[in-house]
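S.K.: This is my_file.tsv (TSV, C-alpha atoms and all ligand atoms).
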chain	number	residue	atom	x	y	z
A	15	MET	CA	-37.59	-18.61	-17.63
A	16	SER	CA	-34.35	-20.34	-16.76
A	17	ASP	CA	-31.95	-18.94	-14.18
A	18	ALA	CA	-29.33	-18.55	-16.91
A	19	ALA	CA	-31.68	-16.27	-18.79
A	20	ILE	CA	-32.19	-14.07	-15.75
A	21	HIS	CA	-28.50	-13.99	-14.88
A	22	PRO	CA	-26.45	-14.31	-18.09
A	23	PRO	CA	-23.16	-16.12	-17.51
A	24	ARG	CA	-20.21	-13.88	-16.75
A	25	SER	CA	-16.76	-14.28	-18.20
A	26	PRO	CA	-13.93	-15.58	-15.97
A	27	ALA	CA	-12.33	-12.13	-16.19
A	28	GLU	CA	-15.44	-10.50	-14.73
A	29	ILE	CA	-15.65	-13.01	-11.93
A	30	ASP	CA	-11.97	-12.62	-11.11
A	31	LYS	CA	-12.31	-8.84	-11.06
A	32	ASP	CA	-15.21	-9.08	-8.60
A	33	ARG	CA	-13.29	-11.46	-6.41
A	34	ARG	CA	-10.26	-9.21	-6.26
A	35	THR	CA	-12.41	-6.23	-5.38
A	36	TRP	CA	-14.13	-8.14	-2.63
A	37	ILE	CA	-10.90	-9.42	-1.14
A	38	ALA	CA	-9.39	-5.96	-1.20
A	39	ILE	CA	-12.36	-4.33	0.49
A	40	THR	CA	-12.67	-7.05	3.10
A	41	CYS	CA	-9.01	-6.90	4.03
A	42	GLY	CA	-8.87	-3.13	3.72
A	43	ALA	CA	-11.77	-2.49	6.04
A	44	GLY	CA	-9.94	-4.25	8.84
A	45	ALA	CA	-6.77	-2.34	8.18
A	46	VAL	CA	-8.55	1.00	8.20
A	47	GLY	CA	-10.36	0.23	11.42
A	48	GLY	CA	-7.12	-0.75	13.12
A	49	ALA	CA	-5.40	2.42	12.11
A	50	PHE	CA	-8.11	4.64	13.50
A	51	THR	CA	-7.67	3.18	16.94
A	52	ALA	CA	-3.87	3.34	16.77
A	53	VAL	CA	-3.50	6.87	15.42
A	54	PRO	CA	-6.21	9.54	15.70
A	55	PHE	CA	-7.44	10.67	12.31
A	56	VAL	CA	-8.17	14.33	11.77
A	57	SER	CA	-11.82	14.05	10.87
A	58	SER	CA	-12.10	17.60	9.59
A	59	PHE	CA	-9.87	16.57	6.71
A	60	ALA	CA	-12.04	13.62	5.74
A	61	PRO	CA	-14.03	14.13	2.53
A	62	SER	CA	-17.79	13.66	2.51
A	63	GLU	CA	-19.10	10.16	1.89
A	64	ARG	CA	-20.30	11.16	-1.56
A	65	ALA	CA	-16.92	12.65	-2.48
A	66	ARG	CA	-15.16	9.61	-1.08
A	67	ALA	CA	-17.31	7.28	-3.17
A	68	ALA	CA	-16.48	9.30	-6.26
A	69	GLY	CA	-12.80	8.80	-5.59
A	70	ALA	CA	-12.02	12.30	-4.34
A	71	PRO	CA	-8.48	12.91	-3.10
A	72	VAL	CA	-8.06	12.46	0.65
A	73	GLN	CA	-6.17	14.92	2.84
A	74	VAL	CA	-4.25	13.46	5.74
A	75	ASP	CA	-2.54	15.28	8.60
A	76	ILE	CA	0.57	13.28	9.46
A	77	SER	CA	1.93	15.62	12.13
A	78	ALA	CA	1.17	13.10	14.89
A	79	LEU	CA	2.75	10.17	13.06
A	80	LYS	CA	5.85	9.17	14.97
A	81	PRO	CA	8.91	7.34	13.56
A	82	GLY	CA	8.08	3.67	13.25
A	83	GLU	CA	4.30	4.27	13.15
A	84	LYS	CA	1.93	3.59	10.29
A	85	LEU	CA	-1.61	4.79	9.69
A	86	THR	CA	-4.14	3.72	7.10
A	87	VAL	CA	-6.64	5.84	5.22
A	88	GLU	CA	-9.17	4.81	2.63
A	89	TRP	CA	-8.94	6.10	-0.92
A	90	ARG	CA	-11.18	4.76	-3.70
A	91	GLY	CA	-12.09	1.85	-1.47
A	92	LYS	CA	-8.45	0.86	-1.01
A	93	PRO	CA	-6.38	0.95	2.17
A	94	VAL	CA	-3.53	3.43	1.73
A	95	TRP	CA	-0.68	3.08	4.20
A	96	ILE	CA	1.33	6.04	5.39
A	97	MET	CA	4.40	5.05	7.37
A	98	ARG	CA	7.10	7.21	8.93
A	99	ARG	CA	10.23	5.09	8.82
A	100	THR	CA	13.04	5.34	11.36
A	101	PRO	CA	16.65	5.88	10.21
A	102	GLU	CA	17.30	2.21	11.00
A	103	GLN	CA	14.33	1.12	8.90
A	104	LEU	CA	15.47	3.30	6.00
A	105	ALA	CA	18.92	1.73	6.21
A	106	THR	CA	17.41	-1.73	5.62
A	107	LEU	CA	16.37	-0.63	2.12
A	108	LYS	CA	20.01	-0.67	1.01
A	109	GLN	CA	20.32	-4.23	2.27
A	110	THR	CA	17.16	-5.45	0.52
A	111	GLU	CA	18.14	-3.82	-2.79
A	112	SER	CA	19.65	-7.06	-4.13
A	113	GLN	CA	16.92	-9.26	-2.66
A	114	VAL	CA	13.85	-7.66	-4.20
A	115	ALA	CA	12.45	-8.41	-7.64
A	116	ASP	CA	12.12	-4.87	-8.96
A	117	PRO	CA	14.44	-2.64	-6.91
A	118	SER	CA	14.03	0.43	-9.14
A	119	SER	CA	10.25	0.06	-9.60
A	120	LEU	CA	10.52	-0.25	-13.37
A	121	ARG	CA	7.65	-2.70	-13.89
A	122	THR	CA	4.51	-1.21	-15.31
A	123	GLN	CA	1.60	-3.33	-14.03
A	124	TYR	CA	1.21	-0.84	-11.17
A	125	PRO	CA	3.27	2.07	-12.48
A	126	THR	CA	5.24	3.82	-9.76
A	127	PRO	CA	5.09	7.62	-10.04
A	128	GLU	CA	8.37	9.20	-11.13
A	129	TYR	CA	8.80	10.90	-7.74
A	130	ALA	CA	8.78	7.49	-6.04
A	131	LYS	CA	11.18	5.70	-8.39
A	132	ASN	CA	13.97	5.71	-5.86
A	133	THR	CA	15.26	3.37	-3.17
A	134	HIS	CA	12.79	4.60	-0.56
A	135	ARG	CA	9.91	4.81	-3.10
A	136	SER	CA	8.66	8.10	-1.71
A	137	ILE	CA	8.84	11.88	-1.99
A	138	ASN	CA	10.07	12.38	1.57
A	139	PRO	CA	12.55	9.57	2.32
A	140	GLU	CA	11.04	9.06	5.77
A	141	VAL	CA	7.42	8.76	4.70
A	142	PHE	CA	6.25	5.79	2.67
A	143	VAL	CA	2.84	6.01	1.00
A	144	GLY	CA	1.59	2.78	-0.53
A	145	VAL	CA	-1.58	0.86	-1.30
A	146	GLY	CA	-1.88	-2.02	1.15
A	147	ILE	CA	-3.08	-4.59	-1.36
A	148	CYS	CA	-0.93	-7.51	-2.45
A	149	SER	CA	-0.19	-7.58	-6.18
A	150	HIS	CA	-0.82	-11.34	-6.28
A	151	LEU	CA	-4.53	-11.85	-5.58
A	152	GLY	CA	-5.50	-8.81	-3.61
A	153	CYS	CA	-5.11	-9.73	0.08
A	154	SER	CA	-3.90	-7.06	2.48
A	155	PRO	CA	-0.38	-7.78	3.80
A	156	VAL	CA	0.26	-7.42	7.53
A	157	ASP	CA	2.94	-5.42	9.31
A	158	LYS	CA	6.07	-7.32	10.25
A	159	PHE	CA	8.20	-4.57	11.72
A	160	ALA	CA	10.00	-6.71	14.32
A	161	THR	CA	13.40	-7.77	13.01
A	162	GLY	CA	15.12	-11.14	13.14
A	163	ALA	CA	14.03	-14.74	12.89
A	164	GLN	CA	10.31	-15.48	13.26
A	165	PRO	CA	7.79	-17.87	11.71
A	166	SER	CA	7.34	-17.57	7.91
A	167	LEU	CA	10.19	-15.07	7.57
A	168	PRO	CA	13.94	-15.39	6.90
A	169	ASP	CA	16.33	-15.25	9.85
A	170	ASP	CA	17.84	-11.96	8.66
A	171	TRP	CA	14.45	-10.24	8.36
A	172	GLY	CA	14.90	-6.48	8.63
A	173	GLY	CA	11.24	-5.50	8.82
A	174	GLY	CA	8.56	-5.16	6.19
A	175	PHE	CA	5.19	-6.63	5.27
A	176	PHE	CA	3.97	-10.22	4.94
A	177	CYS	CA	1.00	-11.39	2.91
A	178	PRO	CA	-0.57	-14.31	4.80
A	179	CYS	CA	-2.56	-15.55	1.80
A	180	HIS	CA	0.37	-17.12	-0.11
A	181	GLY	CA	3.47	-15.90	1.69
A	182	SER	CA	4.69	-12.94	-0.36
A	183	THR	CA	7.01	-10.60	1.51
A	184	PHE	CA	7.71	-6.93	0.92
A	185	ASP	CA	10.40	-4.66	2.30
A	186	LEU	CA	9.71	-1.37	4.06
A	187	ALA	CA	9.37	0.39	0.71
A	188	GLY	CA	6.74	-2.10	-0.47
A	189	ARG	CA	9.17	-3.86	-2.82
A	190	VAL	CA	8.36	-7.53	-3.28
A	191	PHE	CA	11.11	-10.01	-2.53
A	192	LYS	CA	12.30	-12.30	-5.32
A	193	ASN	CA	10.66	-15.67	-6.02
A	194	LYS	CA	7.36	-14.87	-4.30
A	195	PRO	CA	3.84	-15.30	-5.72
A	196	ALA	CA	3.27	-11.56	-5.89
A	197	PRO	CA	4.60	-10.32	-9.23
A	198	ASP	CA	4.93	-6.64	-8.40
A	199	ASN	CA	5.77	-4.11	-5.76
A	200	LEU	CA	2.96	-2.55	-3.75
A	201	GLU	CA	1.35	0.29	-5.66
A	202	VAL	CA	2.33	3.85	-4.79
A	203	PRO	CA	-0.78	6.00	-5.30
A	204	PRO	CA	-0.55	9.49	-6.75
A	205	HIS	CA	0.06	11.85	-3.86
A	206	MET	CA	1.63	15.16	-2.94
A	207	TYR	CA	2.36	17.34	0.07
A	208	LEU	CA	0.11	20.34	0.70
A	209	SER	CA	2.45	21.35	3.55
A	210	ASP	CA	5.20	19.67	5.56
A	211	THR	CA	2.59	17.73	7.51
A	212	VAL	CA	-0.44	17.44	5.24
A	213	LEU	CA	-0.57	14.87	2.46
A	214	LEU	CA	-3.05	14.71	-0.39
A	215	ILE	CA	-3.68	11.14	-1.53
A	216	GLY	CA	-5.09	10.70	-5.02
A	217	GLU	CA	-3.67	13.77	-6.74
A	218	ASP	CA	-0.14	14.81	-7.61
A	219	LYS	CA	-0.41	17.75	-9.97
A	220	LYS	CA	2.18	19.71	-7.99
A	221	ALA	CA	4.33	16.82	-6.79
B	301	LIG	S1	-2.55	-12.56	-2.29
B	301	LIG	FE1	-0.65	-12.01	-1.40
B	301	LIG	S2	0.59	-13.70	-1.73
B	301	LIG	FE2	-1.26	-14.25	-2.70
Rewrite the structure of this file - the entire thing - as structure tokens.

M.R.:
Amino acid sequence: MSDAAIHPPRSPAEIDKDRRTWIAITCGAGAVGGAFTAVPFVSSFAPSERARAAGAPVQVDISALKPGEKLTVEWRGKPVWIMRRTPEQLATLKQTESQVADPSSLRTQYPTPEYAKNTHRSINPEVFVGVGICSHLGCSPVDKFATGAQPSLPDDWGGGFFCPCHGSTFDLAGRVFKNKPAPDNLEVPPHMYLSDTVLLIGEDKKA
């Protein structure tokens, strides 16, 4: 029996889907690992492995997250970033408004929840919640919080995220800058607050 008979050829769409999943998981695993060393995760809030695999919502205690810090949790195999922005970082979002491709998050490829269709793209202006996967080909962008001129970034850089795969840049609300390979803003996952300091990622019935 030929190899083709054992493994029927797959369509380009199937292959592309697999590739994107692989890239996302590979990049995401690194991001999650980094976050656990930077910010302690409250393990009692972590769902069981079986629930996690089934895509269960993830509870996250953000009480220890200081202004300017970001942590990463895993939801449905994706890295989800939670960042507490400083007043200075929030102020940059007014400046980037005219520089980003979809300032009001109106595009529908990765629909932004209604409660995040605002300049800061979040429920609580301070706290950004976004999926750390580039909308171009699925790499995980890296933090570029230092401001000013630096390699691969404009001289007036106010802080944000940089995708090293093909150079897309995002502001501190995950909005993609104009004329970059990435077509869309970073996805905002469904989420809601269970209290002032506990977030639920993956469900927003009461948001
Ligand atoms: S995957 Fe991010 S720019 Fe291509």

S.K.: Could you pull out the residues sitting within 12 Å of ligand LIG 301 (chain B), using all atoms listed in the file, and write them as a compact mmCIF listing (two decimals) with C-alpha atoms, in the frame of the given file?

M.R.:
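Ended up saving to part-v7.txt:
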# COMPACT_ATOMS: atom_id res chain seq x y z
CA ARG A 33 -13.29 -11.46 -6.41
CA ARG A 34 -10.26 -9.21 -6.26
CA ILE A 37 -10.90 -9.42 -1.14
CA ALA A 38 -9.39 -5.96 -1.20
CA CYS A 41 -9.01 -6.90 4.03
CA GLY A 146 -1.88 -2.02 1.15
CA ILE A 147 -3.08 -4.59 -1.36
CA CYS A 148 -0.93 -7.51 -2.45
CA SER A 149 -0.19 -7.58 -6.18
CA HIS A 150 -0.82 -11.34 -6.28
CA LEU A 151 -4.53 -11.85 -5.58
CA GLY A 152 -5.50 -8.81 -3.61
CA CYS A 153 -5.11 -9.73 0.08
CA SER A 154 -3.90 -7.06 2.48
CA PRO A 155 -0.38 -7.78 3.80
CA VAL A 156 0.26 -7.42 7.53
CA PHE A 175 5.19 -6.63 5.27
CA PHE A 176 3.97 -10.22 4.94
CA CYS A 177 1.00 -11.39 2.91
CA PRO A 178 -0.57 -14.31 4.80
CA CYS A 179 -2.56 -15.55 1.80
CA HIS A 180 0.37 -17.12 -0.11
CA GLY A 181 3.47 -15.90 1.69
CA SER A 182 4.69 -12.94 -0.36
CA THR A 183 7.01 -10.60 1.51
CA PHE A 184 7.71 -6.93 0.92
CA VAL A 190 8.36 -7.53 -3.28
CA PHE A 191 11.11 -10.01 -2.53
CA ASN A 193 10.66 -15.67 -6.02
CA LYS A 194 7.36 -14.87 -4.30
CA PRO A 195 3.84 -15.30 -5.72
CA ALA A 196 3.27 -11.56 -5.89
CA PRO A 197 4.60 -10.32 -9.23
CA ASP A 198 4.93 -6.64 -8.40
CA ASN A 199 5.77 -4.11 -5.76
CA LEU A 200 2.96 -2.55 -3.75

S.K.: Quick one: everything within 12 Å of stretch 100-109 of chain A, counting all atoms listed in the file, minus sequence neighbours fewer than 2 positions away in the same chain. Send it as a VMD selection string.

M.R.: chain A and resid 79 to 84 97 to 98 111 to 114 117 to 118 132 to 136 138 to 142 158 to 161 170 to 174 184 to 191

S.K.: Nearest to A:Ala70 among A:Val145, A:Ile215, A:Ile137, A:Leu120, with distances taken over all atoms listed in the file: which residue is it?

M.R.: A:Ile215

S.K.: Provide the atom CA of A:Leu208 to atom CA of A:Arg121 distance in Å, to one decimal place.

M.R.: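 Distance reported for this atom pair: 28.3 Å.
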
S.K.: Find the residue from A:Ala163, A:Ala130, A:Ile96, A:Ala78 that sits nearest to A:Leu213; use all atoms listed in the file when measuring.

M.R.: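 Looking at the shortest contact to A:Leu213, the residue is A:Ile96.
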
S.K.: Counting all atoms listed in the file, which of A:Glu217, A:Glu201, A:Asp157, A:Asp169 gets nearest to A:Val72?

M.R.: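 For A:Val72, the nearest of the candidates is A:Glu217.
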
S.K.: What's the 10 Å shell around A:Lys219, counting all atoms listed in the file, without same-chain residues fewer than 5 positions away, as a list in words?

M.R.: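 Near A:Lys219, the qualifying residues are Pro204, His205 and Met206 of chain A.
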
S.K.: Would you compute the distance between atom CA of A:Leu167 and atom CA of A:Ala115? Give it in Å to one decimal.

M.R.: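 It comes out at 16.8 Å.
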
S.K.: Just the number, please: distance in Å from atom CA of A:Glu128 to atom CA of A:Tyr207, one decimal.

M.R.: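 Calculated distance between atom CA of A:Glu128 and atom CA of A:Tyr207 is 15.1 Å.
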
S.K.: Name the closest residue to A:Asp116 among the candidates A:Ser166, A:Lys192, A:Tyr129, A:Ser209; distances are taken between atoms, counting all atoms listed in the file.

M.R.: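 Smallest distance to A:Asp116 is found for A:Lys192.
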